[in-house]
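S.K.: coords-v9.pdb is reproduced in full below (PDB, C-alpha atoms).
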```pdb
ATOM      1  CA  GLU A  21      25.863  -5.385 -40.998  1.00  0.00           C
ATOM      2  CA  ALA A  22      28.689  -5.286 -43.506  1.00  0.00           C
ATOM      3  CA  GLY A  23      29.931  -8.770 -42.671  1.00  0.00           C
ATOM      4  CA  GLY A  24      26.642 -10.423 -43.621  1.00  0.00           C
ATOM      5  CA  ALA A  25      25.070 -13.332 -41.763  1.00  0.00           C
ATOM      6  CA  ASP A  26      26.542 -14.500 -38.494  1.00  0.00           C
ATOM      7  CA  PRO A  27      27.824 -18.039 -39.085  1.00  0.00           C
ATOM      8  CA  ALA A  28      29.442 -17.950 -35.667  1.00  0.00           C
ATOM      9  CA  SER A  29      26.151 -17.730 -33.819  1.00  0.00           C
ATOM     10  CA  GLU A  30      24.051 -20.255 -35.741  1.00  0.00           C
ATOM     11  CA  ASP A  31      22.708 -23.157 -33.730  1.00  0.00           C
ATOM     12  CA  GLY A  32      22.555 -25.644 -36.600  1.00  0.00           C
ATOM     13  CA  GLU A  33      24.660 -28.789 -36.761  1.00  0.00           C
ATOM     14  CA  ALA A  34      27.964 -27.920 -38.353  1.00  0.00           C
ATOM     15  CA  GLY A  35      30.449 -30.589 -37.377  1.00  0.00           C
ATOM     16  CA  GLY A  36      30.742 -34.145 -36.194  1.00  0.00           C
ATOM     17  CA  ALA A  37      31.514 -35.334 -32.672  1.00  0.00           C
ATOM     18  CA  ASP A  38      33.920 -38.068 -33.628  1.00  0.00           C
ATOM     19  CA  ALA A  39      36.673 -37.436 -31.120  1.00  0.00           C
ATOM     20  CA  ALA A  40      36.014 -39.102 -27.808  1.00  0.00           C
ATOM     21  CA  ALA A  41      37.953 -39.663 -24.669  1.00  0.00           C
ATOM     22  CA  ALA A  42      37.852 -42.783 -22.547  1.00  0.00           C
ATOM     23  CA  GLY A  43      34.285 -43.478 -21.541  1.00  0.00           C
ATOM     24  CA  GLY A  44      32.880 -42.075 -24.778  1.00  0.00           C
ATOM     25  CA  GLU A  45      32.851 -38.377 -23.869  1.00  0.00           C
ATOM     26  CA  PRO A  46      34.587 -35.892 -26.202  1.00  0.00           C
ATOM     27  CA  THR A  47      37.525 -34.050 -24.680  1.00  0.00           C
ATOM     28  CA  VAL A  48      36.813 -30.352 -24.267  1.00  0.00           C
ATOM     29  CA  THR A  49      39.954 -28.990 -25.880  1.00  0.00           C
ATOM     30  CA  LYS A  50      39.371 -30.998 -29.024  1.00  0.00           C
ATOM     31  CA  SER A  51      35.588 -30.816 -29.166  1.00  0.00           C
ATOM     32  CA  PRO A  52      35.261 -27.181 -30.271  1.00  0.00           C
ATOM     33  CA  LYS A  53      36.893 -28.219 -33.532  1.00  0.00           C
ATOM     34  CA  ASP A  54      34.653 -31.249 -33.970  1.00  0.00           C
ATOM     35  CA  MET A  55      31.251 -30.242 -32.581  1.00  0.00           C
ATOM     36  CA  SER A  56      28.798 -27.390 -32.995  1.00  0.00           C
ATOM     37  CA  GLY A  57      28.929 -24.804 -30.231  1.00  0.00           C
ATOM     38  CA  LYS A  58      25.373 -25.452 -29.044  1.00  0.00           C
ATOM     39  CA  GLU A  59      25.971 -29.213 -28.898  1.00  0.00           C
ATOM     40  CA  LEU A  60      29.093 -28.827 -26.812  1.00  0.00           C
ATOM     41  CA  ALA A  61      27.657 -26.150 -24.529  1.00  0.00           C
ATOM     42  CA  ASP A  62      24.520 -28.183 -23.847  1.00  0.00           C
ATOM     43  CA  PHE A  63      26.502 -31.368 -23.282  1.00  0.00           C
ATOM     44  CA  TYR A  64      28.731 -29.806 -20.658  1.00  0.00           C
ATOM     45  CA  TYR A  65      26.316 -27.279 -19.193  1.00  0.00           C
ATOM     46  CA  SER A  66      26.609 -28.810 -15.724  1.00  0.00           C
ATOM     47  CA  LYS A  67      30.410 -28.795 -15.950  1.00  0.00           C
ATOM     48  CA  VAL A  68      30.994 -25.118 -16.672  1.00  0.00           C
ATOM     49  CA  ASP A  69      33.992 -24.741 -14.414  1.00  0.00           C
ATOM     50  CA  PHE A  70      35.577 -27.767 -16.082  1.00  0.00           C
ATOM     51  CA  ILE A  71      35.111 -26.161 -19.516  1.00  0.00           C
ATOM     52  CA  VAL A  72      36.511 -22.799 -18.445  1.00  0.00           C
ATOM     53  CA  ASP A  73      39.551 -24.461 -16.857  1.00  0.00           C
ATOM     54  CA  ALA A  74      40.150 -26.441 -20.051  1.00  0.00           C
ATOM     55  CA  PHE A  75      39.965 -23.272 -22.167  1.00  0.00           C
ATOM     56  CA  LYS A  76      42.595 -21.405 -20.156  1.00  0.00           C
ATOM     57  CA  GLY A  77      45.560 -20.508 -22.324  1.00  0.00           C
ATOM     58  CA  GLN A  78      43.647 -21.365 -25.500  1.00  0.00           C
ATOM     59  CA  VAL A  79      41.059 -18.587 -25.703  1.00  0.00           C
ATOM     60  CA  ARG A  80      42.702 -16.791 -28.635  1.00  0.00           C
ATOM     61  CA  ASN A  81      42.837 -19.878 -30.845  1.00  0.00           C
ATOM     62  CA  LEU A  82      39.372 -21.108 -29.879  1.00  0.00           C
ATOM     63  CA  ALA A  83      37.805 -17.652 -30.309  1.00  0.00           C
ATOM     64  CA  MET A  84      39.164 -17.613 -33.867  1.00  0.00           C
ATOM     65  CA  HIS A  85      37.678 -21.032 -34.687  1.00  0.00           C
ATOM     66  CA  ALA A  86      34.252 -21.516 -36.296  1.00  0.00           C
ATOM     67  CA  TYR A  87      32.897 -23.682 -33.462  1.00  0.00           C
ATOM     68  CA  GLY A  88      35.180 -22.684 -30.612  1.00  0.00           C
ATOM     69  CA  CYS A  89      33.951 -19.091 -30.864  1.00  0.00           C
ATOM     70  CA  ARG A  90      30.382 -20.298 -30.327  1.00  0.00           C
ATOM     71  CA  VAL A  91      31.308 -22.012 -27.088  1.00  0.00           C
ATOM     72  CA  ILE A  92      32.998 -18.854 -25.816  1.00  0.00           C
ATOM     73  CA  GLN A  93      29.909 -16.831 -26.724  1.00  0.00           C
ATOM     74  CA  ARG A  94      27.741 -19.258 -24.728  1.00  0.00           C
ATOM     75  CA  ILE A  95      30.143 -18.984 -21.764  1.00  0.00           C
ATOM     76  CA  LEU A  96      29.875 -15.184 -21.877  1.00  0.00           C
ATOM     77  CA  GLU A  97      26.084 -15.412 -22.069  1.00  0.00           C
ATOM     78  CA  HIS A  98      25.383 -17.963 -19.339  1.00  0.00           C
ATOM     79  CA  CYS A  99      28.253 -18.031 -16.842  1.00  0.00           C
ATOM     80  CA  SER A 100      28.676 -15.861 -13.774  1.00  0.00           C
ATOM     81  CA  PHE A 101      31.350 -13.155 -13.886  1.00  0.00           C
ATOM     82  CA  ALA A 102      33.428 -15.186 -11.449  1.00  0.00           C
ATOM     83  CA  GLN A 103      33.309 -18.183 -13.814  1.00  0.00           C
ATOM     84  CA  LYS A 104      34.101 -16.268 -16.983  1.00  0.00           C
ATOM     85  CA  GLU A 105      36.771 -13.989 -15.483  1.00  0.00           C
ATOM     86  CA  PRO A 106      39.690 -16.068 -16.931  1.00  0.00           C
ATOM     87  CA  ILE A 107      38.079 -15.999 -20.389  1.00  0.00           C
ATOM     88  CA  LEU A 108      37.522 -12.236 -20.226  1.00  0.00           C
ATOM     89  CA  MET A 109      41.103 -11.607 -19.160  1.00  0.00           C
ATOM     90  CA  GLU A 110      42.515 -13.656 -22.041  1.00  0.00           C
ATOM     91  CA  ILE A 111      40.271 -11.897 -24.542  1.00  0.00           C
ATOM     92  CA  ARG A 112      41.812  -8.597 -23.453  1.00  0.00           C
ATOM     93  CA  THR A 113      45.311  -9.822 -24.335  1.00  0.00           C
ATOM     94  CA  CYS A 114      44.378 -10.486 -27.972  1.00  0.00           C
ATOM     95  CA  MET A 115      41.606  -7.947 -28.537  1.00  0.00           C
ATOM     96  CA  GLN A 116      43.069  -6.382 -31.699  1.00  0.00           C
ATOM     97  CA  ASP A 117      43.453  -9.791 -33.373  1.00  0.00           C
ATOM     98  CA  LEU A 118      39.942 -10.909 -32.446  1.00  0.00           C
ATOM     99  CA  ILE A 119      38.305  -7.685 -33.654  1.00  0.00           C
ATOM    100  CA  ARG A 120      39.695  -8.333 -37.158  1.00  0.00           C
ATOM    101  CA  ASP A 121      39.020 -12.070 -37.248  1.00  0.00           C
ATOM    102  CA  GLN A 122      36.066 -13.595 -39.103  1.00  0.00           C
ATOM    103  CA  TYR A 123      35.008 -15.520 -35.973  1.00  0.00           C
ATOM    104  CA  GLY A 124      36.758 -13.630 -33.204  1.00  0.00           C
ATOM    105  CA  ASN A 125      34.851 -10.451 -34.024  1.00  0.00           C
ATOM    106  CA  TYR A 126      31.649 -12.085 -32.759  1.00  0.00           C
ATOM    107  CA  VAL A 127      33.325 -12.861 -29.436  1.00  0.00           C
ATOM    108  CA  THR A 128      34.394  -9.226 -29.011  1.00  0.00           C
ATOM    109  CA  GLN A 129      30.880  -8.034 -29.902  1.00  0.00           C
ATOM    110  CA  HIS A 130      29.571 -10.200 -27.067  1.00  0.00           C
ATOM    111  CA  LEU A 131      31.619  -8.150 -24.598  1.00  0.00           C
ATOM    112  CA  ILE A 132      29.252  -5.230 -25.169  1.00  0.00           C
ATOM    113  CA  ASN A 133      26.240  -7.112 -23.815  1.00  0.00           C
ATOM    114  CA  TYR A 134      27.761  -9.800 -21.594  1.00  0.00           C
ATOM    115  CA  GLY A 135      31.016  -8.348 -20.305  1.00  0.00           C
ATOM    116  CA  ARG A 136      31.555  -6.050 -17.361  1.00  0.00           C
ATOM    117  CA  PRO A 137      31.492  -2.263 -17.857  1.00  0.00           C
ATOM    118  CA  ASP A 138      35.292  -2.181 -17.909  1.00  0.00           C
ATOM    119  CA  ASP A 139      35.344  -4.931 -20.578  1.00  0.00           C
ATOM    120  CA  ARG A 140      33.121  -2.763 -22.762  1.00  0.00           C
ATOM    121  CA  ASP A 141      35.315   0.262 -22.042  1.00  0.00           C
ATOM    122  CA  ASN A 142      38.435  -1.691 -22.996  1.00  0.00           C
ATOM    123  CA  LEU A 143      36.853  -2.875 -26.246  1.00  0.00           C
ATOM    124  CA  ILE A 144      35.786   0.628 -27.253  1.00  0.00           C
ATOM    125  CA  PHE A 145      39.238   1.955 -26.326  1.00  0.00           C
ATOM    126  CA  ASN A 146      40.820  -0.615 -28.668  1.00  0.00           C
ATOM    127  CA  VAL A 147      38.363   0.248 -31.434  1.00  0.00           C
ATOM    128  CA  SER A 148      38.964   3.980 -30.994  1.00  0.00           C
ATOM    129  CA  ASN A 149      42.729   3.538 -31.333  1.00  0.00           C
ATOM    130  CA  ASN A 150      42.375   2.044 -34.834  1.00  0.00           C
ATOM    131  CA  LEU A 151      38.970   3.367 -35.796  1.00  0.00           C
ATOM    132  CA  ILE A 152      39.387   4.290 -39.471  1.00  0.00           C
ATOM    133  CA  ASN A 153      41.106   1.022 -40.396  1.00  0.00           C
ATOM    134  CA  PHE A 154      38.566  -1.018 -38.435  1.00  0.00           C
ATOM    135  CA  ALA A 155      35.660   0.861 -40.047  1.00  0.00           C
ATOM    136  CA  ARG A 156      36.942  -0.230 -43.486  1.00  0.00           C
ATOM    137  CA  HIS A 157      37.573  -3.846 -42.487  1.00  0.00           C
ATOM    138  CA  LYS A 158      35.129  -6.596 -43.464  1.00  0.00           C
ATOM    139  CA  PHE A 159      34.890  -8.093 -39.957  1.00  0.00           C
ATOM    140  CA  ALA A 160      36.103  -5.299 -37.670  1.00  0.00           C
ATOM    141  CA  SER A 161      33.486  -2.928 -39.104  1.00  0.00           C
ATOM    142  CA  ASN A 162      30.816  -5.078 -37.436  1.00  0.00           C
ATOM    143  CA  VAL A 163      32.484  -4.435 -34.077  1.00  0.00           C
ATOM    144  CA  VAL A 164      32.604  -0.691 -34.764  1.00  0.00           C
ATOM    145  CA  GLU A 165      28.867  -0.724 -35.517  1.00  0.00           C
ATOM    146  CA  LYS A 166      28.166  -2.602 -32.289  1.00  0.00           C
ATOM    147  CA  CYS A 167      30.164  -0.069 -30.266  1.00  0.00           C
ATOM    148  CA  LEU A 168      28.246   2.793 -31.870  1.00  0.00           C
ATOM    149  CA  GLN A 169      24.949   1.081 -31.177  1.00  0.00           C
ATOM    150  CA  TYR A 170      25.501   0.025 -27.565  1.00  0.00           C
ATOM    151  CA  GLY A 171      28.245   2.265 -26.214  1.00  0.00           C
ATOM    152  CA  SER A 172      27.380   5.019 -23.755  1.00  0.00           C
ATOM    153  CA  LYS A 173      26.517   8.483 -25.104  1.00  0.00           C
ATOM    154  CA  GLU A 174      29.981   9.698 -24.174  1.00  0.00           C
ATOM    155  CA  GLN A 175      31.645   6.752 -25.921  1.00  0.00           C
ATOM    156  CA  ARG A 176      29.498   7.200 -29.040  1.00  0.00           C
ATOM    157  CA  ASP A 177      30.365  10.876 -29.175  1.00  0.00           C
ATOM    158  CA  VAL A 178      34.091  10.110 -29.110  1.00  0.00           C
ATOM    159  CA  LEU A 179      33.765   7.618 -31.979  1.00  0.00           C
ATOM    160  CA  ILE A 180      31.431   9.820 -34.036  1.00  0.00           C
ATOM    161  CA  ASP A 181      33.659  12.880 -33.628  1.00  0.00           C
ATOM    162  CA  GLN A 182      36.635  10.818 -34.820  1.00  0.00           C
ATOM    163  CA  LEU A 183      34.767   9.566 -37.875  1.00  0.00           C
ATOM    164  CA  ILE A 184      33.304  12.913 -38.878  1.00  0.00           C
ATOM    165  CA  GLY A 185      36.440  14.913 -38.183  1.00  0.00           C
ATOM    166  CA  ALA A 186      38.975  12.497 -39.681  1.00  0.00           C
ATOM    167  CA  GLY A 187      41.534  14.386 -41.743  1.00  0.00           C
ATOM    168  CA  PRO A 188      42.845  13.812 -45.283  1.00  0.00           C
ATOM    169  CA  VAL A 189      43.658  10.342 -46.554  1.00  0.00           C
ATOM    170  CA  PRO A 190      47.443   9.672 -46.415  1.00  0.00           C
ATOM    171  CA  LEU A 191      49.189  10.119 -49.768  1.00  0.00           C
ATOM    172  CA  ASN A 192      50.012   6.414 -50.121  1.00  0.00           C
ATOM    173  CA  GLU A 193      46.321   5.495 -49.728  1.00  0.00           C
ATOM    174  CA  ARG A 194      44.864   7.961 -52.231  1.00  0.00           C
ATOM    175  CA  PRO A 195      43.513   6.953 -55.647  1.00  0.00           C
ATOM    176  CA  ILE A 196      45.888   6.861 -58.607  1.00  0.00           C
ATOM    177  CA  ASP A 197      44.978  10.433 -59.594  1.00  0.00           C
ATOM    178  CA  GLY A 198      46.280  11.578 -56.202  1.00  0.00           C
ATOM    179  CA  VAL A 199      43.311  13.859 -55.545  1.00  0.00           C
ATOM    180  CA  GLU A 200      43.068  14.828 -51.888  1.00  0.00           C
ATOM    181  CA  THR A 201      40.240  12.993 -50.155  1.00  0.00           C
ATOM    182  CA  THR A 202      39.061  13.103 -46.566  1.00  0.00           C
ATOM    183  CA  GLN A 203      38.868   9.966 -44.445  1.00  0.00           C
ATOM    184  CA  PHE A 204      35.130  10.569 -44.035  1.00  0.00           C
ATOM    185  CA  GLN A 205      34.625  10.752 -47.794  1.00  0.00           C
ATOM    186  CA  MET A 206      36.602   7.541 -48.220  1.00  0.00           C
ATOM    187  CA  LEU A 207      34.436   5.763 -45.606  1.00  0.00           C
ATOM    188  CA  VAL A 208      31.213   6.875 -47.286  1.00  0.00           C
ATOM    189  CA  GLN A 209      32.384   5.217 -50.530  1.00  0.00           C
ATOM    190  CA  ASP A 210      33.884   2.128 -48.894  1.00  0.00           C
ATOM    191  CA  PRO A 211      32.015  -1.237 -49.162  1.00  0.00           C
ATOM    192  CA  TYR A 212      32.252  -1.706 -45.367  1.00  0.00           C
ATOM    193  CA  GLY A 213      32.835   1.809 -44.131  1.00  0.00           C
ATOM    194  CA  ASN A 214      29.554   3.009 -45.603  1.00  0.00           C
ATOM    195  CA  TYR A 215      27.662   0.723 -43.220  1.00  0.00           C
ATOM    196  CA  VAL A 216      29.534   2.268 -40.309  1.00  0.00           C
ATOM    197  CA  ILE A 217      28.581   5.773 -41.488  1.00  0.00           C
ATOM    198  CA  GLN A 218      24.952   4.683 -41.846  1.00  0.00           C
ATOM    199  CA  ARG A 219      25.091   3.496 -38.231  1.00  0.00           C
ATOM    200  CA  VAL A 220      26.614   6.837 -37.228  1.00  0.00           C
ATOM    201  CA  ILE A 221      23.694   8.621 -38.870  1.00  0.00           C
ATOM    202  CA  ASP A 222      21.234   6.383 -36.996  1.00  0.00           C
ATOM    203  CA  VAL A 223      22.686   7.091 -33.532  1.00  0.00           C
ATOM    204  CA  ALA A 224      23.909  10.673 -34.034  1.00  0.00           C
ATOM    205  CA  ASP A 225      22.237  13.604 -32.331  1.00  0.00           C
ATOM    206  CA  SER A 226      20.938  16.608 -34.278  1.00  0.00           C
ATOM    207  CA  VAL A 227      24.202  18.547 -34.002  1.00  0.00           C
ATOM    208  CA  GLN A 228      26.237  15.616 -35.302  1.00  0.00           C
ATOM    209  CA  ARG A 229      23.805  15.021 -38.178  1.00  0.00           C
ATOM    210  CA  SER A 230      24.184  18.669 -39.119  1.00  0.00           C
ATOM    211  CA  GLN A 231      27.959  18.171 -39.250  1.00  0.00           C
ATOM    212  CA  ILE A 232      27.491  15.119 -41.471  1.00  0.00           C
ATOM    213  CA  LEU A 233      25.223  17.102 -43.811  1.00  0.00           C
ATOM    214  CA  THR A 234      27.892  19.789 -44.097  1.00  0.00           C
ATOM    215  CA  GLU A 235      30.508  17.184 -45.019  1.00  0.00           C
ATOM    216  CA  LEU A 236      28.278  15.441 -47.552  1.00  0.00           C
ATOM    217  CA  ARG A 237      27.360  18.699 -49.266  1.00  0.00           C
ATOM    218  CA  ARG A 238      31.008  19.261 -50.108  1.00  0.00           C
ATOM    219  CA  TYR A 239      30.993  16.387 -52.601  1.00  0.00           C
ATOM    220  CA  SER A 240      27.349  15.423 -53.090  1.00  0.00           C
ATOM    221  CA  GLN A 241      27.595  15.162 -56.899  1.00  0.00           C
ATOM    222  CA  GLN A 242      30.512  12.764 -56.644  1.00  0.00           C
ATOM    223  CA  LEU A 243      28.714  10.622 -54.052  1.00  0.00           C
ATOM    224  CA  LYS A 244      25.572  10.330 -56.156  1.00  0.00           C
ATOM    225  CA  ARG A 245      27.596   8.480 -58.776  1.00  0.00           C
ATOM    226  CA  VAL A 246      28.550   5.807 -56.227  1.00  0.00           C
ATOM    227  CA  SER A 247      25.997   3.259 -54.980  1.00  0.00           C
ATOM    228  CA  TYR A 248      27.282   3.414 -51.402  1.00  0.00           C
ATOM    229  CA  GLY A 249      27.133   7.202 -51.467  1.00  0.00           C
ATOM    230  CA  LYS A 250      23.510   7.142 -52.623  1.00  0.00           C
ATOM    231  CA  HIS A 251      22.563   5.008 -49.611  1.00  0.00           C
ATOM    232  CA  ILE A 252      24.223   7.466 -47.237  1.00  0.00           C
ATOM    233  CA  ILE A 253      22.525  10.468 -48.816  1.00  0.00           C
ATOM    234  CA  SER A 254      19.115   8.766 -48.702  1.00  0.00           C
ATOM    235  CA  ARG A 255      19.606   7.783 -45.051  1.00  0.00           C
ATOM    236  CA  ILE A 256      20.510  11.220 -43.753  1.00  0.00           C
ATOM    237  CA  GLU A 257      17.889  13.025 -45.824  1.00  0.00           C
ATOM    238  CA  LYS A 258      15.231  10.755 -44.361  1.00  0.00           C
ATOM    239  CA  LEU A 259      16.345  11.193 -40.731  1.00  0.00           C
ATOM    240  CA  SER A 260      17.261  14.889 -40.842  1.00  0.00           C
ATOM    241  CA  GLY A 261      14.428  16.080 -43.055  1.00  0.00           C
ATOM    242  CA  GLU A 262      16.937  18.124 -45.059  1.00  0.00           C
ATOM    243  CA  LYS A 263      18.297  17.731 -48.567  1.00  0.00           C
ATOM    244  CA  VAL A 264      21.994  17.117 -49.027  1.00  0.00           C
ATOM    245  CA  GLU A 265      21.986  19.493 -51.991  1.00  0.00           C
ATOM    246  CA  ALA A 266      21.176  22.858 -50.451  1.00  0.00           C
TER
END
```
Give the structure from this file in structure tokens form.
M.R.:
Amino acid sequence: EAGGADPASEDGEAGGADAAAAGGEPTVTKSPKDMSGKELADFYYSKVDFIVDAFKGQVRNLAMHAYGCRVIQRILEHCSFAQKEPILMEIRTCMQDLIRDQYGNYVTQHLINYGRPDDRDNLIFNVSNNLINFARHKFASNVVEKCLQYGSKEQRDVLIDQLIGAGPVPLNERPIDGVETTQFQMLVQDPYGNYVIQRVIDVADSVQRSQILTELRRYSQQLKRVSYGKHIISRIEKLSGEKVEA
């Protein structure tokens, strides 16, 4: 993945548990900022409803915190849908912010595997509405990859068609020389977008791979001078059995 290792899902010790309420137990709303996610989740495992109630109204801020996001991921993994309903509803209200956040993006990725079907649909809808920008974003590109990997065939097709068929780059986003470039070409050469295109190639069907080959052949010489472009060319040649240069 373009974003590298997942610091938001590590189980190692990452923070102290200094804050404590009366009786020596850390208060839930403060603990995510002072304890590792695994430590807090294990400590309060038998008090899930208490944790969820304490998180109400704070999901956005906690999901965008290094340790708070881990707790929310554990809630999504281990709680019943009835228990995590308030968390899921709050995530929906700040989806665009979380997709772009260095920690929140891991929470939104968890919706694919641990949310309800309509939570996954809502996530992919949000991604689709800002697909090109998300595909070029350091953290959001990880969410795009996840949607491509685990979305339904119909959902993948919608995303792939958008990425392959994206039109010219707007004038204000073109290189200094002003040469017209397609959005697809820009993604292939982008440090994060190229990972998204590699994922597209992995999950695409034969017809879609043929479309990608056609696009790549239009500027194969230019792409071979760019490291990201070389990776794309190698990937599709291996999976399609065809050479980019006809």
S.K.: Nearest to Ile132 (chain A) among A:Ala86, A:Val164, A:Val220, A:Ala74, with distances taken over all atoms listed in the file: which residue is it?
M.R.: A:Val164
S.K.: Can you translate the PyMOL selection byres ((chain A and resi 240) around 12) into the concrete residues it hits in this file, as a ChimeraX atom specification?
M.R.: /A:205,208-209,232-239,241-246,249-254,263-266
S.K.: Give me a file of those residues, with C-alpha atoms, as a CSV table (one decimal), in the coordinates of the input.
M.R.:
```
chain,number,residue,atom,x,y,z
A,205,GLN,CA,34.6,10.8,-47.8
A,208,VAL,CA,31.2,6.9,-47.3
A,209,GLN,CA,32.4,5.2,-50.5
A,232,ILE,CA,27.5,15.1,-41.5
A,233,LEU,CA,25.2,17.1,-43.8
A,234,THR,CA,27.9,19.8,-44.1
A,235,GLU,CA,30.5,17.2,-45.0
A,236,LEU,CA,28.3,15.4,-47.6
A,237,ARG,CA,27.4,18.7,-49.3
A,238,ARG,CA,31.0,19.3,-50.1
A,239,TYR,CA,31.0,16.4,-52.6
A,241,GLN,CA,27.6,15.2,-56.9
A,242,GLN,CA,30.5,12.8,-56.6
A,243,LEU,CA,28.7,10.6,-54.1
A,244,LYS,CA,25.6,10.3,-56.2
A,245,ARG,CA,27.6,8.5,-58.8
A,246,VAL,CA,28.6,5.8,-56.2
A,249,GLY,CA,27.1,7.2,-51.5
A,250,LYS,CA,23.5,7.1,-52.6
A,251,HIS,CA,22.6,5.0,-49.6
A,252,ILE,CA,24.2,7.5,-47.2
A,253,ILE,CA,22.5,10.5,-48.8
A,254,SER,CA,19.1,8.8,-48.7
A,263,LYS,CA,18.3,17.7,-48.6
A,264,VAL,CA,22.0,17.1,-49.0
A,265,GLU,CA,22.0,19.5,-52.0
A,266,ALA,CA,21.2,22.9,-50.5
```
S.K.: How would you write as a VMD selection string the residues that get within 12 Å of (36.7, -12.8, -32.4) in the file's frame, counting only C-alpha atoms?
M.R.: chain A and resid 26 28 to 29 79 to 93 110 to 112 114 to 131 143 159 to 160 162 to 163
S.K.: Keeping only C-alpha atoms, write the selected residues to a file as a PDB file, in the frame of the given file.
M.R.:
```pdb
ATOM      1  CA  ASP A  26      26.542 -14.500 -38.494  1.00  0.00           C
ATOM      2  CA  ALA A  28      29.442 -17.950 -35.667  1.00  0.00           C
ATOM      3  CA  SER A  29      26.151 -17.730 -33.819  1.00  0.00           C
ATOM      4  CA  VAL A  79      41.059 -18.587 -25.703  1.00  0.00           C
ATOM      5  CA  ARG A  80      42.702 -16.791 -28.635  1.00  0.00           C
ATOM      6  CA  ASN A  81      42.837 -19.878 -30.845  1.00  0.00           C
ATOM      7  CA  LEU A  82      39.372 -21.108 -29.879  1.00  0.00           C
ATOM      8  CA  ALA A  83      37.805 -17.652 -30.309  1.00  0.00           C
ATOM      9  CA  MET A  84      39.164 -17.613 -33.867  1.00  0.00           C
ATOM     10  CA  HIS A  85      37.678 -21.032 -34.687  1.00  0.00           C
ATOM     11  CA  ALA A  86      34.252 -21.516 -36.296  1.00  0.00           C
ATOM     12  CA  TYR A  87      32.897 -23.682 -33.462  1.00  0.00           C
ATOM     13  CA  GLY A  88      35.180 -22.684 -30.612  1.00  0.00           C
ATOM     14  CA  CYS A  89      33.951 -19.091 -30.864  1.00  0.00           C
ATOM     15  CA  ARG A  90      30.382 -20.298 -30.327  1.00  0.00           C
ATOM     16  CA  VAL A  91      31.308 -22.012 -27.088  1.00  0.00           C
ATOM     17  CA  ILE A  92      32.998 -18.854 -25.816  1.00  0.00           C
ATOM     18  CA  GLN A  93      29.909 -16.831 -26.724  1.00  0.00           C
ATOM     19  CA  GLU A 110      42.515 -13.656 -22.041  1.00  0.00           C
ATOM     20  CA  ILE A 111      40.271 -11.897 -24.542  1.00  0.00           C
ATOM     21  CA  ARG A 112      41.812  -8.597 -23.453  1.00  0.00           C
ATOM     22  CA  CYS A 114      44.378 -10.486 -27.972  1.00  0.00           C
ATOM     23  CA  MET A 115      41.606  -7.947 -28.537  1.00  0.00           C
ATOM     24  CA  GLN A 116      43.069  -6.382 -31.699  1.00  0.00           C
ATOM     25  CA  ASP A 117      43.453  -9.791 -33.373  1.00  0.00           C
ATOM     26  CA  LEU A 118      39.942 -10.909 -32.446  1.00  0.00           C
ATOM     27  CA  ILE A 119      38.305  -7.685 -33.654  1.00  0.00           C
ATOM     28  CA  ARG A 120      39.695  -8.333 -37.158  1.00  0.00           C
ATOM     29  CA  ASP A 121      39.020 -12.070 -37.248  1.00  0.00           C
ATOM     30  CA  GLN A 122      36.066 -13.595 -39.103  1.00  0.00           C
ATOM     31  CA  TYR A 123      35.008 -15.520 -35.973  1.00  0.00           C
ATOM     32  CA  GLY A 124      36.758 -13.630 -33.204  1.00  0.00           C
ATOM     33  CA  ASN A 125      34.851 -10.451 -34.024  1.00  0.00           C
ATOM     34  CA  TYR A 126      31.649 -12.085 -32.759  1.00  0.00           C
ATOM     35  CA  VAL A 127      33.325 -12.861 -29.436  1.00  0.00           C
ATOM     36  CA  THR A 128      34.394  -9.226 -29.011  1.00  0.00           C
ATOM     37  CA  GLN A 129      30.880  -8.034 -29.902  1.00  0.00           C
ATOM     38  CA  HIS A 130      29.571 -10.200 -27.067  1.00  0.00           C
ATOM     39  CA  LEU A 131      31.619  -8.150 -24.598  1.00  0.00           C
ATOM     40  CA  LEU A 143      36.853  -2.875 -26.246  1.00  0.00           C
ATOM     41  CA  PHE A 159      34.890  -8.093 -39.957  1.00  0.00           C
ATOM     42  CA  ALA A 160      36.103  -5.299 -37.670  1.00  0.00           C
ATOM     43  CA  ASN A 162      30.816  -5.078 -37.436  1.00  0.00           C
ATOM     44  CA  VAL A 163      32.484  -4.435 -34.077  1.00  0.00           C
TER      45      VAL A 163
END
```
S.K.: Would you mind telling me which residue in A:Val227, A:Ile107, A:Ile152, A:Ala102 lies nearest to Ile71 (chain A) when using only C-alpha atoms?
M.R.: A:Ile107
S.K.: Name the closest residue to Val178 (chain A) among the candidates A:Phe204, A:Phe101, A:Phe70, A:Phe145; distances are taken between atoms, counting all atoms listed in the file.
M.R.: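 Counting all atoms listed in the file, the residue closest to Val178 (chain A) is A:Phe145.
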S.K.: Given all atoms listed in the file as the basis, pick out the residue of A:Ala224, A:Met206, A:Arg136, A:Glu97 nearest to Leu179 (chain A).
M.R.: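 Result for the nearest residue to Leu179 (chain A): A:Ala224.
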S.K.: Pick out the closest residue to Tyr170 (chain A) from this set: A:Ile144, A:Val68, A:Val216, A:Leu108. Count all atoms listed in the file.
M.R.: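 Using all atoms listed in the file, Tyr170 (chain A) sits closest to A:Ile144.
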S.K.: In Å, how far is it from CA of Tyr248 (chain A) to CA of Asn149 (chain A)?
M.R.: 25.3 Å
S.K.: Just the number, please: distance in Å from CA of Lys104 (chain A) to CA of Asp139 (chain A), one decimal.
M.R.: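 Interatomic distance, CA of Lys104 (chain A) to CA of Asp139 (chain A): 12.0 Å.
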S.K.: Can you measure CA of Asn133 (chain A) to CA of Gln228 (chain A) for me? One decimal in Å is fine.
M.R.: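 Spanning CA of Asn133 (chain A) to CA of Gln228 (chain A) is a straight-line distance of 25.5 Å.
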